[in-house]
Amino acid sequence: QGSVDCPNLEFEYGDADGHGAELAELYSYTEEPELSTNRRCFEEDFHAQVQGRRWLELDGAQQKAYVMRLLDGLEVVNRDKRLQVARAILYLAQGVFGDCANEGDVLHWSRHNSFLLYQLGTFTAFLELLNMEIDNSQACSSALRKPAISLADSTELRVLLSVMYLLVENIRVEQEEDPPEWRTCRETFRMELSFPVHTEEPFALLLFTMVTKFCSGHAPHFPMKKVLLLLWKVLLFTLGGFEALQAMKVRKREELGLPPLPEDSIQVMRSMRAASPPTYSIELLDQQQQKRGHRSRRPLVKQDSLDIYNERDPFKSDEAGVDEEENDDVDSGIEGELDLMERDTIIPVMPTQRPPIERVSFPKGLPWAPKVRQKDIEHFLEASRNKFIGFTLGQDTETLIGLPRPIHESVKTLKQHKYVSISDVQIKNEEELEKCPMSLGEEEVQETPCEVLYRAMLYNLPQYMIALLKILLAAAPTSKAKTDSINILADVLPEEMPITVLQSMKLGMDVNRHKEIIVKSISASLLLLLKHFKLNHIYQFEYVSQHLVFANCIPLILKFFNQNIMSYITAKNSISVLDYPHCTVCDLPELTAESL
């Protein structure tokens with residue numbers, strides 16, 4: 001699987017997938033029958049209140065009056081009645097698909113209803129219900145006694161989390177045609193989630209607590225996929241995505257008086273080709289054994305890191321002629337080892353009978369602007385002075401007396417690309433505060449959403465990181481099922497296990513899809529946290545990173561790469577006809593084992 005044989009993947013580097021795809025991932029295929037249950041609960045109540053009319057025909061005031069009536073129904077003591085009302089509200093958030101003709105209409109009404117529900121206080125009401133369900137010891141104890149947990153054990157939690165996810169996701173996504181009151185509503189919601197008014201902690205912390213409670217084994221019935229998806233979207237909404245992060249970085253550099261960034265790293269990443277995966281380790285061993293059988297000697301070849309960009313190292317150009325003369329006799333050995341792409345920059349390729357391969361054109365030079373730290377210049381000058389003069393001048397980077405001309409040129413080039421990061425300034429400030437705590441006084445810390453979240457997480461931060469990595473391990477494609485590993489399939493397995501081949505295939509795809517979504521939401525959440533903490537303060541980033549390393553995060557990430565990456569990436573674990581909103585408005589074709 002060299003880089004030439006690897007097809008170019010259609011990959012977009014962004015915060016999240018398309019709006020419809022993100023909503024579809026909330027539901028597992030096993031939950032599909034519940035969509036009609038939600039519709040029935042809504043229609044029974046709606047037709048009793050509003051005679052002979054549809055939801056889409058009501059004006060704004062009538063829709064508000066009906067929603068207020070539904071919210072009153074959440075106050076009843078009877079648990080089953082409360083669930084029916086919650087299902088009716090969920091049907092509204094899902095876009096009243098029974099009255100819609102196509103997928104676009106469902107998504108439009110889902111957004112419209114989400115803003116309406118939020119404005120009338122639905123999120124706060126559901127937050128109270130969620131707190132009740134989390135503390136419901138009866139549900140926890142019954143789940144602990146069961147030998148196998150299924151969808152039925154988490155019904156109430158799934159309905160509550162689904163409504164909250166739909167509100168967050170629909171309000172988070174900006175569209176050009178949004179009216180001004182929706183934009184105001186979005187900012188209010190963002191502030192409410194970032195800076196809690198009623199509770200002592202931000203909403204994200206409640207979700208982190210659910211994750212740790214699930215991993216500790218006290219609440220095995222928690223629907224983890226929905227919790228993690230909601231956690232990811234809340235972090236994305238409150239902290240900001242990649243583009244918001246870049247804008248914050250630019251603003252912060254201006255405040256600190258640092259020169260502007262040499263490039264927008266997000267745009268650089270978007271223009272880069274999706275990286276070719278390394279060869280699967282087992283295949284690599286097989287290839288090496290085959291080569292050993294028909295090879296007399298194998299000289300060591302130093303691979304140039306710039307070869308992949310079809311560019312030789314400019315500093316080696318003078319020596320290239322000498323190297324080629326010396327290495328004429330070992331060319332035959334090298335040919336066997338070099339990849340085709342690297343070979344055509346050094347050795348003329350003999351025409352061989354191979355099928356035509358699409359050539360991969362790499363940009364000239366590296367995609368990133370080079371960055372040099374002050375310490376790099378100091379180390380370079382220290383080494384040069386030791387070599388040419390025999391003594392050093394400490395941190396002096398201006399005095400170049402006694403050094404040859406090429407060193408002057410090198411220092412000039414290094415200084416041209418000198419980069420002072422925000423982290424360097426933060427570390428320097430911390431050192432000064434430590435030296436003179438009395439004279440400098442307390443540091444003024446801005447109350448940003450990131451700062452509030454870090455302060456709330458700090459006390460139990462190691463437990464949160466361990467819990468996320470435990471779930472990531474359980475969802476890893478190469479992990480073996482162990483007796484002590486946690487069960488992350490509680491919210492995908494049906495009450496009655498499949499009896500036909502078709503049902504088994506469908507459930508198998510559902511389980512793989514379920515794991516894939518969990519991996520996506522955890523990795524996206526961790527990446528967001530690390531990026532935002534690094535910008536907020538380098539020591540916050542280091543503390544989180546330290547606990548990730550302690551919890552064996554690096555071997556876990558390597559575990560994901562220790563497989564055939566191409567087949568893992570391109571594996572299709574979804575059944576498009578069963579995805580929301582398609583399955584709500586279209587007649588489903590008969591599924592067969594062949595079509596799956």
# chains A, B, ... in the order shown; residues from 1 in each chain; ligands from 1
>>> select_by_dssp(residues="region 331-575 of chain A", states="alpha helix (DSSP H)", output="PyMOL selection string")
chain A and resi 331-337+340-343+374-388+405-416+422-435+437-440+449-457+461-475+501-536+538-550+553-561+565-570
>>> residues_around(residues="Phe533 (chain A)", least_positions_apart="4", cutoff="10 Å", atoms="only C-alpha atoms", output="PyMOL selection string")
chain A and resi 239+450-451+453-454+527-529+537-544
>>> residues_around(residues="Gln546 (chain A)", least_positions_apart="5", cutoff="12 Å", atoms="only C-alpha atoms", output="MDAnalysis selection string")
chainID A and resid 461:462 465:466 530 539:541 551:554
>>> residues_around(residues="Gly14 (chain A)", least_positions_apart="2", cutoff="10 Å", atoms="only C-alpha atoms", output="PyMOL selection string")
chain A and resi 11-12+16-18+241-243+266+269-270
>>> closest_residue(among="A:Met509, A:Val96, A:Leu468, A:Leu458", to="Leu526 (chain A)", atoms="only C-alpha atoms")
A:Leu468
>>> closest_residue(among="A:Glu432, A:Glu442, A:Asp376, A:Glu255", to="Lys418 (chain A)", atoms="only C-alpha atoms")
A:Asp376
>>> residues_around(residues="Asp587 (chain A)", least_positions_apart="5", cutoff="12 Å", atoms="only C-alpha atoms", output="list in words")
Ala101, Asn102, Val577, Leu578, Pro581 and His582 of chain A
>>> write_last_selection(atoms="C-alpha atoms", output="compact mmCIF listing (two decimals), in the first residue's frame")
# COMPACT_ATOMS: atom_id res chain seq x y z
CA ALA A 101 -43.42 15.56 1.91
CA ASN A 102 -39.61 15.40 1.65
CA VAL A 577 -32.45 4.03 3.38
CA LEU A 578 -32.75 3.64 7.17
CA PRO A 581 -34.80 11.85 7.89
CA HIS A 582 -35.00 9.62 4.78
>>> closest_residue(among="A:Cys41, A:Ile149, A:Leu161, A:Cys436", to="Leu493 (chain A)", atoms="only C-alpha atoms")
A:Ile149
>>> residues_around(residues="region 169-182 of chain A", least_positions_apart="3", cutoff="12 Å", atoms="only C-alpha atoms", output="ChimeraX atom specification")
/A:15-26,93-95,107-119,123,161-166,185-190,193,229-241
>>> atom_distance(atom1="CA of Ser141 (chain A)", atom2="CA of Asp153 (chain A)")
11.1 Å
>>> residues_around(residues="region 75-86 of chain A", least_positions_apart="6", cutoff="10 Å", atoms="only C-alpha atoms", output="PyMOL selection string")
chain A and resi 37-38+40-42+44-45+69+92+125-126+129+155-157+159-160+163
